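**Q** model.txt is reproduced below (compact mmCIF, N, CA and C atoms).
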# COMPACT_ATOMS: atom_id res chain seq x y z
N MET A 1 30.79 -34.13 10.62
CA MET A 1 30.37 -33.83 9.27
C MET A 1 28.85 -33.74 9.17
N LYS A 2 28.18 -34.68 9.86
CA LYS A 2 26.72 -34.67 9.84
C LYS A 2 26.17 -33.42 10.50
N LYS A 3 26.86 -32.94 11.53
CA LYS A 3 26.42 -31.72 12.21
C LYS A 3 26.47 -30.53 11.26
N TYR A 4 27.55 -30.44 10.50
CA TYR A 4 27.69 -29.35 9.56
C TYR A 4 26.61 -29.40 8.48
N LEU A 5 26.35 -30.58 8.01
CA LEU A 5 25.31 -30.76 6.99
C LEU A 5 23.94 -30.38 7.55
N LEU A 6 23.69 -30.78 8.79
CA LEU A 6 22.43 -30.44 9.43
C LEU A 6 22.29 -28.93 9.61
N ILE A 7 23.36 -28.29 10.06
CA ILE A 7 23.34 -26.84 10.26
C ILE A 7 23.11 -26.12 8.94
N VAL A 8 23.80 -26.52 7.90
CA VAL A 8 23.64 -25.90 6.58
C VAL A 8 22.22 -26.09 6.07
N THR A 9 21.67 -27.29 6.26
CA THR A 9 20.31 -27.57 5.82
C THR A 9 19.30 -26.70 6.57
N LEU A 10 19.45 -26.58 7.87
CA LEU A 10 18.56 -25.73 8.66
C LEU A 10 18.68 -24.27 8.25
N PHE A 11 19.91 -23.84 8.03
CA PHE A 11 20.14 -22.46 7.63
C PHE A 11 19.47 -22.16 6.29
N LEU A 12 19.63 -23.05 5.33
CA LEU A 12 19.03 -22.84 4.00
C LEU A 12 17.52 -22.90 4.06
N SER A 13 16.97 -23.82 4.83
CA SER A 13 15.50 -23.93 4.91
C SER A 13 14.91 -22.70 5.59
N THR A 14 15.59 -22.17 6.59
CA THR A 14 15.12 -20.95 7.26
C THR A 14 15.18 -19.78 6.30
N GLY A 15 16.23 -19.70 5.52
CA GLY A 15 16.36 -18.61 4.54
C GLY A 15 15.27 -18.68 3.49
N LEU A 16 14.97 -19.88 3.03
CA LEU A 16 13.91 -20.03 2.02
C LEU A 16 12.55 -19.66 2.59
N ALA A 17 12.29 -20.01 3.84
CA ALA A 17 11.02 -19.65 4.47
C ALA A 17 10.90 -18.13 4.59
N ALA A 18 11.99 -17.47 4.95
CA ALA A 18 11.97 -16.02 5.07
C ALA A 18 11.70 -15.37 3.71
N PHE A 19 12.33 -15.88 2.65
CA PHE A 19 12.11 -15.34 1.32
C PHE A 19 10.66 -15.53 0.88
N SER A 20 10.07 -16.65 1.21
CA SER A 20 8.68 -16.88 0.80
C SER A 20 7.75 -15.92 1.52
N GLN A 21 8.05 -15.57 2.78
CA GLN A 21 7.23 -14.60 3.50
C GLN A 21 7.35 -13.22 2.88
N VAL A 22 8.55 -12.86 2.45
CA VAL A 22 8.75 -11.57 1.78
C VAL A 22 7.96 -11.53 0.48
N ASP A 23 8.00 -12.64 -0.28
CA ASP A 23 7.25 -12.71 -1.53
C ASP A 23 5.75 -12.57 -1.28
N GLU A 24 5.24 -13.20 -0.22
CA GLU A 24 3.83 -13.08 0.11
C GLU A 24 3.47 -11.65 0.45
N ALA A 25 4.33 -10.98 1.22
CA ALA A 25 4.08 -9.58 1.59
C ALA A 25 4.09 -8.70 0.34
N ASP A 26 5.05 -8.93 -0.56
CA ASP A 26 5.10 -8.16 -1.80
C ASP A 26 3.87 -8.42 -2.66
N ASP A 27 3.41 -9.66 -2.68
CA ASP A 27 2.22 -10.02 -3.45
C ASP A 27 0.99 -9.30 -2.90
N ARG A 28 0.87 -9.27 -1.56
CA ARG A 28 -0.27 -8.57 -0.94
C ARG A 28 -0.20 -7.08 -1.24
N MET A 29 1.02 -6.50 -1.16
CA MET A 29 1.16 -5.07 -1.46
C MET A 29 0.82 -4.79 -2.91
N GLY A 30 1.21 -5.69 -3.80
CA GLY A 30 0.89 -5.52 -5.21
C GLY A 30 -0.61 -5.54 -5.44
N LYS A 31 -1.31 -6.45 -4.77
CA LYS A 31 -2.76 -6.53 -4.91
C LYS A 31 -3.42 -5.29 -4.33
N LEU A 32 -2.90 -4.81 -3.21
CA LEU A 32 -3.45 -3.62 -2.58
C LEU A 32 -3.23 -2.40 -3.47
N GLN A 33 -2.04 -2.29 -4.07
CA GLN A 33 -1.77 -1.18 -4.98
C GLN A 33 -2.70 -1.23 -6.18
N GLU A 34 -2.95 -2.43 -6.68
CA GLU A 34 -3.85 -2.59 -7.81
C GLU A 34 -5.27 -2.16 -7.44
N LYS A 35 -5.71 -2.55 -6.25
CA LYS A 35 -7.05 -2.15 -5.78
C LYS A 35 -7.13 -0.63 -5.62
N MET A 36 -6.07 -0.02 -5.10
CA MET A 36 -6.05 1.43 -4.95
C MET A 36 -6.12 2.11 -6.30
N GLN A 37 -5.38 1.60 -7.23
CA GLN A 37 -5.37 2.15 -8.58
C GLN A 37 -6.77 2.06 -9.19
N GLN A 38 -7.42 0.91 -9.06
CA GLN A 38 -8.78 0.75 -9.58
C GLN A 38 -9.76 1.68 -8.88
N TYR A 39 -9.61 1.83 -7.57
CA TYR A 39 -10.47 2.72 -6.80
C TYR A 39 -10.35 4.16 -7.32
N ILE A 40 -9.13 4.61 -7.50
CA ILE A 40 -8.90 5.99 -7.97
C ILE A 40 -9.44 6.16 -9.39
N GLN A 41 -9.19 5.19 -10.25
CA GLN A 41 -9.68 5.29 -11.63
C GLN A 41 -11.21 5.36 -11.66
N LYS A 42 -11.84 4.59 -10.81
CA LYS A 42 -13.31 4.60 -10.75
C LYS A 42 -13.81 5.94 -10.20
N ARG A 43 -13.19 6.41 -9.13
CA ARG A 43 -13.62 7.68 -8.51
C ARG A 43 -13.42 8.87 -9.46
N LEU A 44 -12.42 8.78 -10.33
CA LEU A 44 -12.15 9.89 -11.26
C LEU A 44 -12.84 9.69 -12.61
N SER A 45 -13.63 8.62 -12.72
CA SER A 45 -14.38 8.31 -13.96
C SER A 45 -13.47 8.35 -15.19
N MET A 46 -12.39 7.60 -15.12
CA MET A 46 -11.44 7.58 -16.24
C MET A 46 -11.96 6.70 -17.37
N THR A 47 -11.65 7.13 -18.58
CA THR A 47 -11.96 6.30 -19.74
C THR A 47 -10.94 5.17 -19.81
N LYS A 48 -11.17 4.23 -20.68
CA LYS A 48 -10.24 3.10 -20.83
C LYS A 48 -8.87 3.60 -21.27
N ASP A 49 -8.84 4.54 -22.20
CA ASP A 49 -7.58 5.09 -22.70
C ASP A 49 -6.84 5.82 -21.57
N GLU A 50 -7.56 6.62 -20.80
CA GLU A 50 -6.94 7.33 -19.68
C GLU A 50 -6.39 6.34 -18.65
N SER A 51 -7.16 5.30 -18.37
CA SER A 51 -6.72 4.29 -17.40
C SER A 51 -5.44 3.61 -17.84
N GLN A 52 -5.34 3.28 -19.11
CA GLN A 52 -4.14 2.62 -19.62
C GLN A 52 -2.91 3.52 -19.52
N LYS A 53 -3.10 4.80 -19.74
CA LYS A 53 -1.97 5.73 -19.64
C LYS A 53 -1.65 6.07 -18.18
N PHE A 54 -2.69 6.08 -17.34
CA PHE A 54 -2.53 6.44 -15.94
C PHE A 54 -1.82 5.34 -15.14
N SER A 55 -2.12 4.10 -15.43
CA SER A 55 -1.63 2.96 -14.64
C SER A 55 -0.12 2.95 -14.44
N PRO A 56 0.69 3.02 -15.50
CA PRO A 56 2.14 2.98 -15.27
C PRO A 56 2.64 4.20 -14.48
N LEU A 57 2.03 5.36 -14.70
CA LEU A 57 2.43 6.55 -13.94
C LEU A 57 2.13 6.37 -12.46
N PHE A 58 0.94 5.86 -12.17
CA PHE A 58 0.54 5.69 -10.78
C PHE A 58 1.41 4.65 -10.09
N LEU A 59 1.71 3.56 -10.76
CA LEU A 59 2.58 2.54 -10.16
C LEU A 59 3.97 3.09 -9.88
N ARG A 60 4.46 3.93 -10.78
CA ARG A 60 5.77 4.56 -10.56
C ARG A 60 5.70 5.51 -9.36
N TYR A 61 4.59 6.25 -9.26
CA TYR A 61 4.39 7.17 -8.12
C TYR A 61 4.39 6.39 -6.80
N ILE A 62 3.64 5.29 -6.74
CA ILE A 62 3.57 4.49 -5.51
C ILE A 62 4.94 3.91 -5.17
N SER A 63 5.66 3.46 -6.16
CA SER A 63 6.99 2.91 -5.94
C SER A 63 7.93 3.97 -5.36
N GLU A 64 7.90 5.16 -5.93
CA GLU A 64 8.76 6.23 -5.42
C GLU A 64 8.30 6.71 -4.04
N LEU A 65 7.01 6.68 -3.80
CA LEU A 65 6.48 7.06 -2.49
C LEU A 65 6.97 6.08 -1.42
N ARG A 66 6.92 4.79 -1.71
CA ARG A 66 7.41 3.78 -0.76
C ARG A 66 8.91 3.95 -0.51
N ARG A 67 9.65 4.21 -1.56
CA ARG A 67 11.10 4.40 -1.41
C ARG A 67 11.38 5.64 -0.54
N THR A 68 10.62 6.71 -0.76
CA THR A 68 10.78 7.94 0.02
C THR A 68 10.47 7.67 1.50
N HIS A 69 9.42 6.91 1.76
CA HIS A 69 9.09 6.56 3.15
C HIS A 69 10.22 5.79 3.81
N ARG A 70 10.82 4.86 3.09
CA ARG A 70 11.92 4.08 3.66
C ARG A 70 13.15 4.95 3.93
N GLU A 71 13.45 5.85 3.01
CA GLU A 71 14.65 6.67 3.14
C GLU A 71 14.56 7.70 4.26
N PHE A 72 13.38 8.28 4.45
CA PHE A 72 13.25 9.41 5.38
C PHE A 72 12.32 9.12 6.56
N LYS A 73 12.13 7.84 6.91
CA LYS A 73 11.17 7.53 7.97
C LYS A 73 11.59 8.07 9.33
N ILE A 74 12.85 8.29 9.54
CA ILE A 74 13.33 8.81 10.83
C ILE A 74 13.18 10.33 10.89
N ASP A 75 13.41 11.01 9.78
CA ASP A 75 13.37 12.48 9.72
C ASP A 75 11.99 12.92 9.21
N ARG A 76 11.04 13.08 10.10
CA ARG A 76 9.65 13.36 9.74
C ARG A 76 9.48 14.65 8.90
N PRO A 77 10.08 15.78 9.29
CA PRO A 77 9.91 16.99 8.45
C PRO A 77 10.46 16.81 7.03
N MET A 78 11.59 16.12 6.91
CA MET A 78 12.17 15.89 5.58
C MET A 78 11.27 14.95 4.79
N LEU A 79 10.68 13.96 5.45
CA LEU A 79 9.76 13.04 4.80
C LEU A 79 8.57 13.81 4.22
N GLN A 80 7.99 14.70 5.02
CA GLN A 80 6.85 15.47 4.54
C GLN A 80 7.22 16.35 3.36
N LEU A 81 8.40 16.95 3.41
CA LEU A 81 8.87 17.78 2.30
C LEU A 81 9.05 16.96 1.03
N LYS A 82 9.69 15.80 1.16
CA LYS A 82 9.94 14.95 -0.01
C LYS A 82 8.63 14.42 -0.60
N ILE A 83 7.66 14.10 0.25
CA ILE A 83 6.36 13.65 -0.25
C ILE A 83 5.67 14.77 -1.00
N ALA A 84 5.73 15.98 -0.48
CA ALA A 84 5.12 17.13 -1.16
C ALA A 84 5.77 17.36 -2.53
N GLU A 85 7.09 17.27 -2.58
CA GLU A 85 7.80 17.43 -3.85
C GLU A 85 7.41 16.34 -4.84
N LEU A 86 7.30 15.12 -4.34
CA LEU A 86 6.91 13.98 -5.17
C LEU A 86 5.51 14.18 -5.73
N ARG A 87 4.59 14.65 -4.90
CA ARG A 87 3.21 14.86 -5.35
C ARG A 87 3.11 15.97 -6.40
N VAL A 88 3.87 17.02 -6.22
CA VAL A 88 3.86 18.10 -7.21
C VAL A 88 4.38 17.60 -8.55
N ARG A 89 5.47 16.83 -8.49
CA ARG A 89 6.05 16.30 -9.73
C ARG A 89 5.08 15.36 -10.43
N PHE A 90 4.46 14.46 -9.68
CA PHE A 90 3.55 13.50 -10.30
C PHE A 90 2.21 14.14 -10.69
N ARG A 91 1.80 15.16 -9.98
CA ARG A 91 0.58 15.86 -10.39
C ARG A 91 0.76 16.42 -11.80
N ASN A 92 1.94 16.96 -12.07
CA ASN A 92 2.22 17.47 -13.41
C ASN A 92 2.22 16.35 -14.45
N GLU A 93 2.72 15.17 -14.06
CA GLU A 93 2.70 14.04 -14.99
C GLU A 93 1.28 13.51 -15.19
N PHE A 94 0.48 13.48 -14.11
CA PHE A 94 -0.91 13.04 -14.22
C PHE A 94 -1.71 13.98 -15.13
N ARG A 95 -1.36 15.26 -15.12
CA ARG A 95 -2.07 16.25 -15.96
C ARG A 95 -1.90 15.97 -17.45
N GLN A 96 -0.85 15.27 -17.80
CA GLN A 96 -0.64 14.93 -19.21
C GLN A 96 -1.62 13.84 -19.66
N VAL A 97 -2.21 13.13 -18.70
CA VAL A 97 -3.14 12.05 -19.00
C VAL A 97 -4.58 12.46 -18.75
N ILE A 98 -4.80 13.14 -17.62
CA ILE A 98 -6.15 13.58 -17.24
C ILE A 98 -6.13 15.08 -16.99
N ASP A 99 -7.30 15.68 -16.91
CA ASP A 99 -7.36 17.14 -16.72
C ASP A 99 -6.84 17.53 -15.34
N GLU A 100 -6.58 18.83 -15.17
CA GLU A 100 -5.95 19.34 -13.95
C GLU A 100 -6.79 19.07 -12.70
N GLN A 101 -8.08 19.24 -12.80
CA GLN A 101 -8.95 19.05 -11.64
C GLN A 101 -8.89 17.61 -11.13
N ARG A 102 -8.96 16.66 -12.04
CA ARG A 102 -8.89 15.25 -11.63
C ARG A 102 -7.47 14.88 -11.18
N ALA A 103 -6.46 15.47 -11.79
CA ALA A 103 -5.08 15.20 -11.38
C ALA A 103 -4.86 15.63 -9.92
N ASN A 104 -5.48 16.72 -9.53
CA ASN A 104 -5.36 17.18 -8.15
C ASN A 104 -6.08 16.24 -7.18
N LYS A 105 -7.11 15.57 -7.65
CA LYS A 105 -7.90 14.70 -6.77
C LYS A 105 -7.30 13.30 -6.59
N VAL A 106 -6.30 12.96 -7.37
CA VAL A 106 -5.67 11.64 -7.25
C VAL A 106 -5.22 11.41 -5.81
N PHE A 107 -4.57 12.40 -5.21
CA PHE A 107 -4.00 12.25 -3.88
C PHE A 107 -5.09 12.21 -2.81
N GLN A 108 -6.16 12.95 -3.05
CA GLN A 108 -7.31 12.93 -2.14
C GLN A 108 -7.93 11.52 -2.11
N HIS A 109 -8.12 10.94 -3.28
CA HIS A 109 -8.70 9.60 -3.36
C HIS A 109 -7.73 8.54 -2.82
N GLN A 110 -6.45 8.78 -2.98
CA GLN A 110 -5.46 7.87 -2.40
C GLN A 110 -5.61 7.85 -0.88
N LYS A 111 -5.75 9.02 -0.28
CA LYS A 111 -5.91 9.10 1.18
C LYS A 111 -7.22 8.46 1.62
N GLU A 112 -8.29 8.67 0.87
CA GLU A 112 -9.58 8.03 1.19
C GLU A 112 -9.43 6.51 1.21
N PHE A 113 -8.77 5.98 0.19
CA PHE A 113 -8.58 4.54 0.09
C PHE A 113 -7.76 4.03 1.27
N GLU A 114 -6.67 4.71 1.58
CA GLU A 114 -5.82 4.30 2.70
C GLU A 114 -6.58 4.34 4.01
N ASP A 115 -7.42 5.37 4.21
CA ASP A 115 -8.22 5.47 5.43
C ASP A 115 -9.22 4.31 5.52
N LYS A 116 -9.83 3.95 4.40
CA LYS A 116 -10.77 2.83 4.39
C LYS A 116 -10.06 1.52 4.74
N ILE A 117 -8.87 1.33 4.21
CA ILE A 117 -8.10 0.12 4.50
C ILE A 117 -7.73 0.08 5.98
N ARG A 118 -7.28 1.21 6.52
CA ARG A 118 -6.92 1.25 7.95
C ARG A 118 -8.14 0.91 8.81
N GLN A 119 -9.29 1.48 8.47
CA GLN A 119 -10.51 1.22 9.23
C GLN A 119 -10.88 -0.26 9.16
N GLU A 120 -10.78 -0.84 7.99
CA GLU A 120 -11.10 -2.26 7.83
C GLU A 120 -10.14 -3.14 8.64
N ILE A 121 -8.87 -2.78 8.66
CA ILE A 121 -7.89 -3.54 9.44
C ILE A 121 -8.22 -3.45 10.93
N LEU A 122 -8.57 -2.26 11.41
CA LEU A 122 -8.93 -2.09 12.81
C LEU A 122 -10.16 -2.93 13.16
N GLU A 123 -11.15 -2.91 12.29
CA GLU A 123 -12.36 -3.69 12.54
C GLU A 123 -12.06 -5.18 12.57
N ARG A 124 -11.22 -5.65 11.68
CA ARG A 124 -10.86 -7.07 11.67
C ARG A 124 -10.09 -7.46 12.92
N ARG A 125 -9.21 -6.58 13.37
CA ARG A 125 -8.45 -6.87 14.59
C ARG A 125 -9.38 -6.96 15.79
N GLN A 126 -10.35 -6.06 15.85
CA GLN A 126 -11.30 -6.08 16.96
C GLN A 126 -12.15 -7.35 16.93
N GLN A 127 -12.52 -7.79 15.76
CA GLN A 127 -13.33 -9.00 15.64
C GLN A 127 -12.53 -10.25 15.99
N ASN A 128 -11.23 -10.21 15.78
CA ASN A 128 -10.38 -11.37 16.04
C ASN A 128 -9.89 -11.45 17.48
N ARG A 129 -10.27 -10.48 18.30
CA ARG A 129 -9.87 -10.52 19.71
C ARG A 129 -10.54 -11.68 20.41
N PRO A 130 -9.89 -12.19 21.45
CA PRO A 130 -10.54 -13.26 22.23
C PRO A 130 -11.87 -12.77 22.78
N GLY A 131 -12.86 -13.62 22.73
CA GLY A 131 -14.18 -13.25 23.23
C GLY A 131 -15.02 -12.60 22.15
N GLY A 132 -14.59 -12.67 20.91
CA GLY A 132 -15.38 -12.13 19.81
C GLY A 132 -14.99 -10.71 19.45
N GLY A 133 -14.76 -9.87 20.44
CA GLY A 133 -14.33 -8.51 20.18
C GLY A 133 -15.37 -7.65 19.51
N GLY A 134 -16.45 -8.24 19.09
CA GLY A 134 -17.49 -7.45 18.44
C GLY A 134 -18.31 -6.70 19.45
N LYS A 135 -19.52 -6.35 19.06
CA LYS A 135 -20.40 -5.63 19.97
C LYS A 135 -20.82 -6.55 21.12
N ARG A 136 -20.91 -5.97 22.28
CA ARG A 136 -21.29 -6.75 23.44
C ARG A 136 -22.79 -7.06 23.40
N ASN A 137 -23.10 -8.19 23.91
CA ASN A 137 -24.49 -8.58 24.05
C ASN A 137 -24.97 -8.08 25.40
N ARG A 138 -25.74 -7.01 25.38
CA ARG A 138 -26.18 -6.37 26.62
C ARG A 138 -27.14 -7.25 27.42
N ALA A 139 -27.78 -8.18 26.79
CA ALA A 139 -28.71 -9.05 27.50
C ALA A 139 -28.00 -9.91 28.53
N MET A 140 -26.73 -10.18 28.29
CA MET A 140 -25.98 -11.03 29.21
C MET A 140 -25.40 -10.26 30.37
N ILE A 141 -25.34 -8.96 30.28
CA ILE A 141 -24.71 -8.15 31.35
C ILE A 141 -25.65 -7.95 32.50
Could you quickly redo this structure as structure tokens?
**A**
Amino acid sequence: MKKYLLIVTLFLSTGLAAFSQVDEADDRMGKLQEKMQQYIQKRLSMTKDESQKFSPLFLRYISELRRTHREFKIDRPMLQLKIAELRVRFRNEFRQVIDEQRANKVFQHQKEFEDKIRQEILERRQQNRPGGGGKRNRAMI
């Protein structure tokens, strides 16, 4: 009986730990999405009213984009097609809030932000390598 209780306790504690890690990952993604949204709003010089109307649309776009990536991650050509369709649909929705020129630039600024994040992650990984990973000190060579 004690063995069963021990097994159940271990199983439940492992499950709770896994759920907390998922929550942390979702929290980080939420913060990152918020930073991306702020970056785009700043780059497009949105007014407060435009920002308030843009925010829910952009969050819906990001949510659908993530879902599309999950659904079609194996079929690369279909993924690209679905992303293009998604962008066309949301560009039309963004136009209802901001002008056409800025609506077209939303995706450009999204890519800029993602590229900056990727670069920062690479730099952090290099710095965290054993031995410093940073620039070599040529005086020691």
**Q** Tell me which of A:Glu123, A:Glu112, A:Glu85, A:Glu93 sits closest to Leu57 (chain A), counting only C-alpha atoms.
**A**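 Among A:Glu123, A:Glu112, A:Glu85, A:Glu93, it is A:Glu93 that comes nearest to Leu57 (chain A).
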**Q** One number please: atom C of Tyr39 (chain A) to atom N of Arg129 (chain A), in Å, one decimal.
**A**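 For atom C of Tyr39 (chain A) relative to atom N of Arg129 (chain A), the distance reads 29.5 Å.
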**Q** Quick one: distance from CA of Ser45 (chain A) to CA of Gln96 (chain A) in Å, one decimal?
**A**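 Here the two named atoms are 16.1 Å from each other.
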**Q** Give me the residues near region 113-117 of chain A as a CSV table (one decimal) with N, CA and C atoms, keeping the file's coordinate frame, where near means some atom within 7 Å (using only N, CA and C atoms) and where sequence neighbours in that chain fewer than 5 positions away do not count.
**A**
chain,number,residue,atom,x,y,z
A,36,MET,N,-6.1,0.0,-5.1
A,36,MET,CA,-6.0,1.4,-5.0
A,36,MET,C,-6.1,2.1,-6.3
A,108,GLN,N,-6.2,13.0,-3.0
A,108,GLN,CA,-7.3,12.9,-2.1
A,108,GLN,C,-7.9,11.5,-2.1
A,122,LEU,N,-8.6,-2.3,11.4
A,122,LEU,CA,-8.9,-2.1,12.8
A,122,LEU,C,-10.2,-2.9,13.2
**Q** Between CA of Ser51 (chain A) and atom N of Glu71 (chain A), what distance in Å does the model show, to one decimal?
**A**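 Computing it gives 28.7 Å between the two atoms.
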**Q** Quick one: of A:Arg102, A:Arg60, A:Arg70, A:His109, who's nearest to Met46 (chain A), counting only C-alpha atoms?
**A** A:Arg102
**Q** Centre and edge lengths, as JSON, for the axis-aligned box enclosing every listed atom of region 85-103 of chain A with 8 Å of padding on each of the six sides, in Å to one decimal?
**A**
{"center_x": -0.6, "center_y": 15.7, "center_z": -11.1, "size_x": 32.8, "size_y": 23.3, "size_z": 33.1}
